[in-house]
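Structure below is upload_36.cif: mmCIF, C-alpha atoms.
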```
data_input
#
loop_
_atom_site.label_atom_id
_atom_site.label_comp_id
_atom_site.auth_asym_id
_atom_site.auth_seq_id
_atom_site.Cartn_x
_atom_site.Cartn_y
_atom_site.Cartn_z
CA MET A 29 -1.01 -67.37 64.39
CA ASP A 30 -4.46 -66.17 65.08
CA SER A 31 -4.61 -63.88 62.14
CA ALA A 32 -3.24 -66.62 59.90
CA LEU A 33 -6.07 -68.84 60.97
CA THR A 34 -8.81 -66.31 60.71
CA THR A 35 -7.77 -64.48 57.56
CA PRO A 36 -8.63 -66.32 54.38
CA HIS A 37 -5.48 -66.69 52.24
CA THR A 38 -6.84 -65.38 49.04
CA HIS A 39 -5.45 -63.05 46.47
CA GLU A 40 -7.95 -60.38 47.50
CA ALA A 41 -6.90 -60.53 51.13
CA HIS A 42 -3.25 -60.02 50.20
CA ALA A 43 -3.95 -57.39 47.65
CA HIS A 44 -5.85 -55.56 50.32
CA GLU A 45 -3.06 -55.86 52.89
CA HIS A 46 -0.29 -54.75 50.52
CA GLU A 47 -2.12 -52.52 48.13
CA HIS A 48 -0.04 -49.90 46.35
CA ILE A 49 -1.25 -46.87 44.52
CA SER A 50 -3.20 -48.24 41.61
CA LEU A 51 -1.95 -46.76 38.35
CA PRO A 52 -3.58 -47.16 34.95
CA GLN A 53 -0.40 -48.75 33.52
CA HIS A 54 -0.49 -51.53 36.13
CA ARG A 55 -1.65 -54.59 34.19
CA HIS A 56 -4.10 -56.84 35.96
CA HIS A 57 -2.08 -60.04 35.40
CA PHE A 58 0.72 -58.71 37.60
CA GLU A 59 0.17 -58.91 41.32
CA THR A 60 2.24 -55.87 42.21
CA GLU A 61 3.92 -52.92 40.48
CA GLU A 62 7.34 -54.28 41.43
CA GLN A 63 6.55 -57.63 39.88
CA GLN A 64 5.44 -55.95 36.66
CA ARG A 65 8.52 -53.79 36.59
CA GLU A 66 10.90 -56.67 37.23
CA ALA A 67 9.21 -58.83 34.60
CA GLY A 68 9.74 -55.99 32.11
CA SER A 69 13.42 -55.57 32.99
CA PHE A 70 13.92 -59.33 32.82
CA GLY A 71 12.39 -59.51 29.35
CA MET A 72 14.48 -56.57 28.16
CA TRP A 73 17.67 -58.20 29.40
CA LEU A 74 16.80 -61.46 27.64
CA PHE A 75 16.34 -59.50 24.40
CA LEU A 76 19.69 -57.76 24.91
CA LEU A 77 21.40 -61.11 25.49
CA THR A 78 20.15 -62.28 22.07
CA GLU A 79 21.58 -59.04 20.67
CA ILE A 80 24.94 -59.88 22.26
CA MET A 81 24.87 -63.24 20.46
CA PHE A 82 23.99 -61.45 17.19
CA PHE A 83 26.86 -58.95 17.39
CA GLY A 84 29.04 -61.69 18.88
CA GLY A 85 28.93 -63.62 15.62
CA MET A 86 30.44 -60.65 13.80
CA PHE A 87 33.00 -60.05 16.53
CA PHE A 88 34.01 -63.68 16.23
CA ALA A 89 34.37 -63.43 12.43
CA TYR A 90 36.57 -60.37 12.95
CA LEU A 91 38.73 -62.19 15.50
CA LEU A 92 39.19 -65.21 13.23
CA TYR A 93 39.94 -63.35 9.98
CA ARG A 94 42.28 -61.02 11.80
CA ASN A 95 44.28 -64.09 12.86
CA TRP A 96 44.24 -65.55 9.35
CA TYR A 97 45.02 -62.38 7.35
CA TYR A 98 46.88 -60.41 9.97
CA PRO A 99 48.99 -58.14 7.67
CA ALA A 100 45.95 -57.15 5.58
CA PHE A 101 43.88 -56.44 8.70
CA ALA A 102 46.65 -54.36 10.27
CA ALA A 103 47.14 -52.27 7.11
CA ALA A 104 43.42 -51.76 6.49
CA SER A 105 42.70 -50.98 10.15
CA ASN A 106 45.42 -48.32 10.22
CA GLN A 107 43.69 -46.54 7.36
CA LEU A 108 40.69 -45.79 9.64
CA ASN A 109 40.46 -42.32 11.13
CA VAL A 110 41.27 -42.48 14.87
CA PRO A 111 40.34 -38.84 15.71
CA MET A 112 36.90 -39.38 14.14
CA GLY A 113 36.46 -42.69 15.95
CA ALA A 114 37.54 -41.17 19.29
CA THR A 115 35.23 -38.17 18.77
CA ASN A 116 32.37 -40.55 18.11
CA THR A 117 33.18 -42.52 21.27
CA VAL A 118 32.94 -39.32 23.34
CA ILE A 119 29.70 -38.34 21.54
CA LEU A 120 28.16 -41.73 22.24
CA ILE A 121 29.22 -41.78 25.90
CA SER A 122 27.66 -38.31 26.28
CA SER A 123 24.45 -39.55 24.65
CA GLY A 124 24.36 -42.47 27.11
CA PHE A 125 24.99 -40.10 30.02
CA PHE A 126 21.99 -37.95 29.06
CA MET A 127 19.88 -41.08 28.64
CA ALA A 128 20.83 -42.15 32.18
CA LEU A 129 19.85 -38.70 33.46
CA GLY A 130 16.58 -39.08 31.57
CA VAL A 131 15.78 -42.24 33.56
CA TRP A 132 16.53 -40.30 36.75
CA ALA A 133 14.27 -37.42 35.65
CA SER A 134 11.46 -39.87 34.97
CA GLU A 135 11.93 -41.50 38.40
CA VAL A 136 11.75 -38.17 40.23
CA ARG A 137 8.91 -37.00 37.95
CA LYS A 138 10.52 -33.93 36.40
CA LYS A 139 8.77 -33.69 33.05
CA LYS A 140 10.74 -30.79 31.59
CA THR A 141 14.10 -32.30 32.58
CA LEU A 142 13.06 -35.64 31.10
CA VAL A 143 12.15 -34.09 27.75
CA ILE A 144 15.40 -32.09 27.65
CA MET A 145 17.49 -35.18 28.47
CA LEU A 146 15.75 -37.24 25.81
CA LEU A 147 16.30 -34.43 23.28
CA LEU A 148 20.01 -34.28 24.18
CA THR A 149 20.25 -38.07 23.83
CA THR A 150 18.73 -37.77 20.35
CA ILE A 151 20.97 -34.86 19.31
CA PHE A 152 24.15 -36.70 20.34
CA GLY A 153 22.88 -39.85 18.62
CA CYS A 154 22.38 -37.89 15.39
CA ALA A 155 25.84 -36.31 15.79
CA PHE A 156 27.32 -39.80 15.96
CA LEU A 157 25.61 -40.76 12.71
CA GLY A 158 26.81 -37.48 11.15
CA VAL A 159 30.45 -38.29 11.92
CA LYS A 160 29.88 -41.82 10.64
CA TYR A 161 28.58 -40.36 7.35
CA PHE A 162 31.86 -38.50 6.79
CA GLU A 163 33.84 -41.64 7.59
CA TYR A 164 31.81 -43.71 5.12
CA LYS A 165 32.15 -40.96 2.52
CA GLU A 166 35.94 -41.09 2.82
CA LYS A 167 35.87 -44.89 2.33
CA TYR A 168 33.71 -44.40 -0.76
CA GLU A 169 36.13 -41.88 -2.25
CA LEU A 170 39.10 -44.16 -1.58
CA HIS A 171 37.31 -47.17 -3.16
CA HIS A 172 37.38 -49.02 0.14
CA ILE A 173 33.78 -50.25 -0.08
CA PRO A 174 33.89 -54.00 -0.86
CA GLY A 175 32.66 -54.95 -4.32
CA ASN A 176 33.48 -54.24 -7.96
CA ASN A 177 34.97 -50.83 -7.29
CA PHE A 178 37.18 -51.93 -4.43
CA SER A 179 40.79 -50.87 -4.94
CA ILE A 180 43.89 -52.33 -3.28
CA ALA A 181 46.07 -49.48 -4.59
CA MET A 182 46.62 -47.94 -1.15
CA PHE A 183 47.83 -51.24 0.26
CA VAL A 184 50.14 -52.37 -2.57
CA ASN A 185 51.57 -48.87 -3.15
CA PRO A 186 51.33 -46.99 0.17
CA GLN A 187 54.27 -44.78 -0.87
CA ASN A 188 51.91 -43.04 -3.36
CA TYR A 189 49.77 -41.67 -0.53
CA PRO A 190 51.86 -39.14 1.42
CA GLN A 191 48.63 -37.30 2.38
CA TYR A 192 47.67 -40.30 4.56
CA PRO A 193 50.58 -40.53 7.04
CA ASP A 194 49.40 -43.78 8.66
CA THR A 195 49.08 -45.52 5.29
CA TYR A 196 52.31 -43.95 3.97
CA ALA A 197 54.26 -45.53 6.85
CA GLU A 198 52.92 -49.02 6.10
CA LYS A 199 54.96 -51.68 4.35
CA PRO A 200 53.48 -52.51 0.91
CA LEU A 201 51.43 -55.71 0.86
CA ALA A 202 51.68 -58.39 -1.85
CA PRO A 203 48.61 -58.19 -4.15
CA ASP A 204 47.08 -61.46 -2.89
CA MET A 205 47.32 -60.37 0.76
CA ALA A 206 46.15 -56.86 -0.17
CA GLN A 207 42.96 -58.42 -1.58
CA LYS A 208 42.17 -59.60 1.97
CA THR A 209 41.79 -55.98 3.10
CA GLN A 210 38.41 -56.31 1.42
CA ILE A 211 37.40 -58.77 4.15
CA PHE A 212 38.41 -56.22 6.76
CA PHE A 213 36.28 -53.54 5.11
CA PHE A 214 33.40 -55.96 4.66
CA LEU A 215 33.45 -56.65 8.41
CA TYR A 216 33.97 -52.94 9.15
CA PHE A 217 30.83 -52.02 7.21
CA ALA A 218 28.84 -54.98 8.53
CA MET A 219 29.67 -54.22 12.16
CA THR A 220 29.52 -50.41 12.13
CA GLY A 221 26.53 -50.56 9.75
CA MET A 222 24.57 -52.89 12.06
CA HIS A 223 25.53 -50.66 14.97
CA ALA A 224 24.35 -47.58 13.04
CA LEU A 225 21.09 -49.35 12.16
CA HIS A 226 20.52 -49.96 15.87
CA MET A 227 21.11 -46.26 16.49
CA ILE A 228 18.67 -45.23 13.74
CA ILE A 229 16.01 -47.50 15.27
CA GLY A 230 16.86 -46.03 18.69
CA ILE A 231 16.49 -42.46 17.43
CA GLY A 232 13.11 -43.37 15.95
CA LEU A 233 12.01 -44.74 19.34
CA LEU A 234 13.41 -41.62 21.06
CA VAL A 235 11.20 -39.36 18.95
CA TRP A 236 8.17 -41.40 20.01
CA LEU A 237 9.28 -41.32 23.66
CA ILE A 238 9.83 -37.54 23.53
CA ILE A 239 6.29 -36.99 22.23
CA ARG A 240 4.85 -39.19 24.99
CA ALA A 241 7.11 -37.66 27.67
CA GLN A 242 5.94 -34.21 26.62
CA ARG A 243 2.39 -35.46 27.20
CA GLY A 244 3.42 -36.44 30.74
CA ASP A 245 3.14 -40.20 30.26
CA PHE A 246 6.42 -41.03 32.03
CA THR A 247 6.40 -38.62 34.96
CA ASN A 248 3.47 -40.11 36.83
CA GLY A 249 5.32 -43.11 38.24
CA TYR A 250 5.39 -45.05 34.95
CA VAL A 251 9.13 -45.30 34.27
CA ALA A 252 9.33 -48.70 32.54
CA PRO A 253 9.40 -47.54 28.87
CA ILE A 254 12.12 -44.98 29.61
CA GLU A 255 14.10 -47.45 31.70
CA ASN A 256 13.89 -50.27 29.16
CA PHE A 257 14.72 -47.98 26.24
CA GLY A 258 17.68 -46.81 28.35
CA LEU A 259 18.87 -50.42 28.59
CA TYR A 260 18.72 -50.71 24.80
CA TRP A 261 20.55 -47.42 24.25
CA HIS A 262 23.32 -48.33 26.72
CA PHE A 263 23.67 -51.71 25.04
CA VAL A 264 24.27 -49.96 21.71
CA ASP A 265 26.91 -47.84 23.50
CA ILE A 266 28.64 -50.96 24.78
CA VAL A 267 28.84 -52.45 21.28
CA TRP A 268 30.66 -49.30 20.15
CA LEU A 269 32.96 -49.42 23.20
CA PHE A 270 34.27 -52.70 21.73
CA LEU A 271 34.09 -51.77 18.03
CA PHE A 272 36.25 -48.68 18.48
CA PRO A 273 39.38 -50.37 19.94
CA LEU A 274 39.02 -53.52 17.82
CA LEU A 275 38.55 -51.80 14.47
CA TYR A 276 40.54 -48.59 14.92
CA LEU A 277 43.15 -48.98 17.63
CA ILE A 278 44.69 -52.40 18.18
CA ASN A 279 46.75 -52.53 14.98
CA ARG A 280 48.75 -49.32 15.37
CA HIS A 281 51.84 -51.36 16.27
CA PRO A 282 51.53 -54.54 14.20
CA LEU A 283 53.76 -57.48 15.05
CA HIS A 284 56.18 -58.36 12.25
CA MET B 15 2.93 -74.30 60.43
CA SER B 16 -0.14 -72.53 59.28
CA HIS B 17 2.14 -70.33 57.13
CA ALA B 18 2.86 -73.15 54.68
CA HIS B 19 -0.16 -72.23 52.64
CA THR B 20 0.74 -68.54 52.79
CA ASP B 21 4.24 -69.25 51.43
CA ALA B 22 2.86 -71.10 48.45
CA HIS B 23 0.91 -68.09 47.34
CA ASP B 24 2.79 -64.99 48.23
CA PRO B 25 2.87 -62.73 45.20
CA SER B 26 3.62 -59.66 47.28
CA ASN B 27 6.77 -61.31 48.63
CA VAL B 28 5.95 -60.61 52.22
CA THR B 29 7.39 -63.79 53.70
CA ASN B 30 10.42 -64.00 51.39
CA PRO B 31 11.09 -60.76 49.57
CA GLU B 32 12.99 -61.58 46.38
CA HIS B 33 12.54 -58.36 44.49
CA ALA B 34 15.30 -55.83 44.83
CA GLU B 35 14.49 -52.65 46.67
CA HIS B 36 13.67 -50.05 44.06
CA HIS B 37 16.72 -47.86 43.77
CA ILE B 38 17.15 -44.52 42.03
CA VAL B 39 20.71 -43.79 40.92
CA THR B 40 21.54 -40.14 41.58
CA PRO B 41 22.81 -37.71 38.90
CA LEU B 42 26.09 -37.36 40.82
CA GLN B 43 26.73 -41.10 40.47
CA TYR B 44 26.03 -40.78 36.75
CA VAL B 45 28.56 -37.94 36.53
CA TYR B 46 31.22 -40.17 38.16
CA VAL B 47 30.49 -42.93 35.65
CA PHE B 48 30.54 -40.45 32.75
CA VAL B 49 33.91 -39.00 33.80
CA THR B 50 35.35 -42.50 34.29
CA LEU B 51 34.21 -43.45 30.78
CA LEU B 52 35.81 -40.32 29.28
CA VAL B 53 39.09 -41.00 31.12
CA GLY B 54 38.95 -44.62 29.92
CA THR B 55 38.50 -43.44 26.32
CA GLY B 56 41.51 -41.12 26.69
CA ILE B 57 43.66 -43.92 28.12
CA THR B 58 42.67 -46.41 25.42
CA VAL B 59 43.51 -43.96 22.60
CA GLY B 60 46.82 -43.04 24.28
CA ALA B 61 47.72 -46.70 24.89
CA ALA B 62 47.17 -47.51 21.20
CA TYR B 63 50.14 -45.29 20.27
CA VAL B 64 52.50 -46.92 22.80
CA ASP B 65 54.25 -49.98 21.38
CA MET B 66 53.50 -52.79 23.84
CA GLY B 67 53.84 -55.64 21.33
CA VAL B 68 51.33 -58.43 21.97
CA LEU B 69 49.94 -56.49 24.93
CA ASN B 70 48.35 -53.74 22.78
CA PRO B 71 45.15 -55.64 21.93
CA ILE B 72 44.98 -57.10 25.44
CA VAL B 73 45.21 -53.67 27.11
CA ALA B 74 42.64 -52.22 24.67
CA LEU B 75 40.19 -55.07 25.37
CA ALA B 76 40.76 -54.90 29.14
CA ILE B 77 39.88 -51.18 29.14
CA ALA B 78 36.83 -51.85 26.93
CA CYS B 79 35.67 -54.61 29.32
CA PHE B 80 36.11 -52.30 32.30
CA LYS B 81 34.11 -49.53 30.58
CA ALA B 82 31.38 -51.97 29.55
CA SER B 83 31.20 -53.29 33.14
CA ILE B 84 30.59 -49.90 34.69
CA VAL B 85 27.99 -49.07 32.00
CA ILE B 86 26.16 -52.33 32.79
CA LEU B 87 26.44 -51.93 36.57
CA PHE B 88 25.46 -48.25 36.88
CA PHE B 89 23.96 -46.84 33.66
CA MET B 90 21.97 -50.05 33.24
CA HIS B 91 21.35 -50.42 37.00
CA ALA B 92 22.46 -54.08 37.06
CA ALA B 93 24.11 -53.45 40.43
CA TYR B 94 20.70 -52.66 41.95
CA GLN B 95 18.64 -55.42 40.35
CA SER B 96 17.32 -58.62 41.89
CA ARG B 97 19.46 -61.73 41.97
CA LEU B 98 17.33 -63.23 39.19
CA ILE B 99 18.30 -60.46 36.78
CA LYS B 100 21.94 -60.37 37.89
CA ILE B 101 22.40 -64.08 37.33
CA THR B 102 20.58 -63.88 33.98
CA ILE B 103 23.01 -61.21 32.77
CA ALA B 104 26.03 -63.11 34.07
CA SER B 105 24.95 -66.41 32.53
CA GLY B 106 24.31 -64.69 29.18
CA PHE B 107 27.87 -63.39 29.06
CA PHE B 108 29.18 -66.76 30.22
CA VAL B 109 27.41 -68.58 27.38
CA PHE B 110 28.75 -65.98 24.94
CA LEU B 111 32.33 -66.65 26.11
CA VAL B 112 31.80 -70.41 25.86
CA LEU B 113 30.58 -70.04 22.26
CA ILE B 114 33.55 -67.86 21.30
CA ALA B 115 36.09 -70.13 23.01
CA MET B 116 34.74 -73.38 21.55
CA THR B 117 34.35 -72.04 18.02
CA MET B 118 37.83 -70.53 18.12
CA THR B 119 39.31 -73.79 19.42
CA ASP B 120 37.71 -75.62 16.50
CA TYR B 121 38.96 -73.19 13.82
CA LEU B 122 42.47 -72.92 15.19
CA SER B 123 42.98 -76.65 15.76
CA ARG B 124 41.83 -77.56 12.23
CA THR B 125 44.51 -75.44 10.62
CA TRP B 126 47.14 -76.01 13.31
CA GLY B 127 50.59 -75.33 11.84
CA LEU B 128 49.25 -74.60 8.35
CA TRP B 129 49.23 -70.82 8.50
#
```

Same coordinates, now as structure tokens:
Amino acid sequence: MDSALTTPHTHEAHAHEHEHISLPQHRHHFETEEQQREAGSFGMWLFLLTEIMFFGGMFFAYLLYRNWYYPAFAAASNQLNVPMGATNTVILISSGFFMALGVWASEVRKKKTLVIMLLLTTIFGCAFLGVKYFEYKEKYELHHIPGNNFSIAMFVNPQNYPQYPDTYAEKPLAPDMAQKTQIFFFLYFAMTGMHALHMIIGIGLLVWLIIRAQRGDFTNGYVAPIENFGLYWHFVDIVWLFLFPLLYLINRHPLH
Amino acid sequence: MSHAHTDAHDPSNVTNPEHAEHHIVTPLQYVYVFVTLLVGTGITVGAAYVDMGVLNPIVALAIACFKASIVILFFMHAAYQSRLIKITIASGFFVFLVLIAMTMTDYLSRTWGLW
């Protein structure tokens, strides 16, 4: 009571009572480090929620068209390469794991570990894109890229493709339904392409973070850039965790 | 009584701490999450080749939701954030589900019985 009466309740008085180590990255418009950090996390989460809405639109389109053109979607989906998709899932989970360890290394101020973890995150991210390149290449060779050169041959005459066991086992589609496989591949390229674009942007940011981490910027108590980039990278992981089952897996036993 | 003024300007959250305690997730916890995610991936691939009829997509999505939840809670530290951030994340997903459900209801009811 006494102290409350005698101490003037000003910003300066409080700042003095609860002063933390003053770091150069602490912006003057934040009262405390924690407030600055939480404001940053909050902003990052709001951005990620807009990203969910953005990808959500494509997920919704996939859901709707799959209901409308179910046989075409089942046949086209079963042409995707499950081992490659599963490999990529493992690669991406590993990349996310190293990113998480990177945040830990930054928290406990281990510069060398942080740089190594960020490098591993980048390497696994590039490996993911490498696998994706071979998948896209296969689609190109099979004329499964929507547009003038799109071919429905595999879906109207699956018996001509014994080298693709999953396709070979499919029932042939009528030509009008087979045309709808183009919608599946359009959505496949839109969704995996947007996901890959997010990864390319992420890898660009990682290179910048590695250079700064090497300089020691993030092992002096300033974790926010690593932490917020980690949120972005894990978000990109989560998008793939849904893309993989929806595009590759759920049509292996189509309902007839 | 004299604290009323203090409460109105309390940026350091002394009287009513709202910020979550800063928490560092340990590497061992990350290893548990990583292994769980790998096991989940194995199960989801295996389940795709078991004929469960209408349940196949449901099982695949349930596993994906579980994996996404543990990524959000532990890799993204949502479990250790303040209530403000937790409720922001939850409300974002809720709005997303509302948008999906209402749009789907519209599309399906317009073509009811015509497919």

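Across the chains present, the PyMOL selection byres ((chain A and resi 159-161) around 9) applied to this file returns Met112, Gly113, Thr115, Asn116, Cys154, Ala155, Phe156, Leu157, Gly158, Phe162, Glu163, Tyr164, Lys165, Glu166, Thr220 and Ala224 of chain A.
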
Could you put an axis-aligned box around every listed atom of stretch 117-126 of chain B, padded by 3 Å on each side, and send me its centre and edge lengths in Å to one decimal, as AutoDock Vina command-line options?
```
--center_x 40.7 --center_y -74.0 --center_z 15.0 --size_x 18.8 --size_y 13.0 --size_z 14.8
```

Proximal residues of chain A relative to chain B (only C-alpha atoms; 8 Å) as a CSV table (one decimal) with C-alpha atoms, in the coordinates of the input:
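Wrote it out as selection-v9.csv, contents follow:
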```
chain,number,residue,atom,x,y,z
A,29,MET,CA,-1.0,-67.4,64.4
A,32,ALA,CA,-3.2,-66.6,59.9
A,33,LEU,CA,-6.1,-68.8,61.0
A,37,HIS,CA,-5.5,-66.7,52.2
A,42,HIS,CA,-3.2,-60.0,50.2
A,43,ALA,CA,-4.0,-57.4,47.6
A,46,HIS,CA,-0.3,-54.8,50.5
A,59,GLU,CA,0.2,-58.9,41.3
A,60,THR,CA,2.2,-55.9,42.2
A,62,GLU,CA,7.3,-54.3,41.4
A,63,GLN,CA,6.6,-57.6,39.9
A,66,GLU,CA,10.9,-56.7,37.2
A,69,SER,CA,13.4,-55.6,33.0
A,70,PHE,CA,13.9,-59.3,32.8
A,73,TRP,CA,17.7,-58.2,29.4
A,74,LEU,CA,16.8,-61.5,27.6
A,77,LEU,CA,21.4,-61.1,25.5
A,80,ILE,CA,24.9,-59.9,22.3
A,81,MET,CA,24.9,-63.2,20.5
A,84,GLY,CA,29.0,-61.7,18.9
A,88,PHE,CA,34.0,-63.7,16.2
A,92,LEU,CA,39.2,-65.2,13.2
A,96,TRP,CA,44.2,-65.6,9.4
A,114,ALA,CA,37.5,-41.2,19.3
A,117,THR,CA,33.2,-42.5,21.3
A,118,VAL,CA,32.9,-39.3,23.3
A,121,ILE,CA,29.2,-41.8,25.9
A,122,SER,CA,27.7,-38.3,26.3
A,124,GLY,CA,24.4,-42.5,27.1
A,125,PHE,CA,25.0,-40.1,30.0
A,128,ALA,CA,20.8,-42.2,32.2
A,129,LEU,CA,19.8,-38.7,33.5
A,132,TRP,CA,16.5,-40.3,36.8
A,135,GLU,CA,11.9,-41.5,38.4
A,258,GLY,CA,17.7,-46.8,28.4
A,259,LEU,CA,18.9,-50.4,28.6
A,262,HIS,CA,23.3,-48.3,26.7
A,266,ILE,CA,28.6,-51.0,24.8
A,269,LEU,CA,33.0,-49.4,23.2
A,270,PHE,CA,34.3,-52.7,21.7
A,273,PRO,CA,39.4,-50.4,19.9
A,274,LEU,CA,39.0,-53.5,17.8
A,277,LEU,CA,43.2,-49.0,17.6
A,278,ILE,CA,44.7,-52.4,18.2
A,279,ASN,CA,46.8,-52.5,15.0
A,280,ARG,CA,48.8,-49.3,15.4
A,281,HIS,CA,51.8,-51.4,16.3
A,282,PRO,CA,51.5,-54.5,14.2
A,283,LEU,CA,53.8,-57.5,15.0
```

Given only C-alpha atoms as the counted atoms, nearest of A:Met86, A:Leu142, A:Val131, A:Ala103 to A:Arg243: A:Leu142

Expand the PyMOL selection byres ((chain A and resi 191-206) around 12) into the explicit residue set it covers here, and present it as a ChimeraX atom specification. /A:96-110,166,170,172,178-190,207-213,276,279-282,284 /B:63

Can you work out the spacing between atom CA of B:Arg124 and atom CA of A:Phe87 in Å, to one decimal?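 Taking atom CA of B:Arg124 as the start and atom CA of A:Phe87 as the end point, the length is 20.1 Å.
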
Distance in Å - atom CA of A:Ile239 versus atom CA of A:Val143: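 Here the two named atoms are 8.6 Å from each other.
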
Calculated over all atoms listed in the file, which of the candidates A:Phe214, A:Gln242, A:Ala252, A:Ile173 has the smallest distance to A:Glu61? A:Ala252
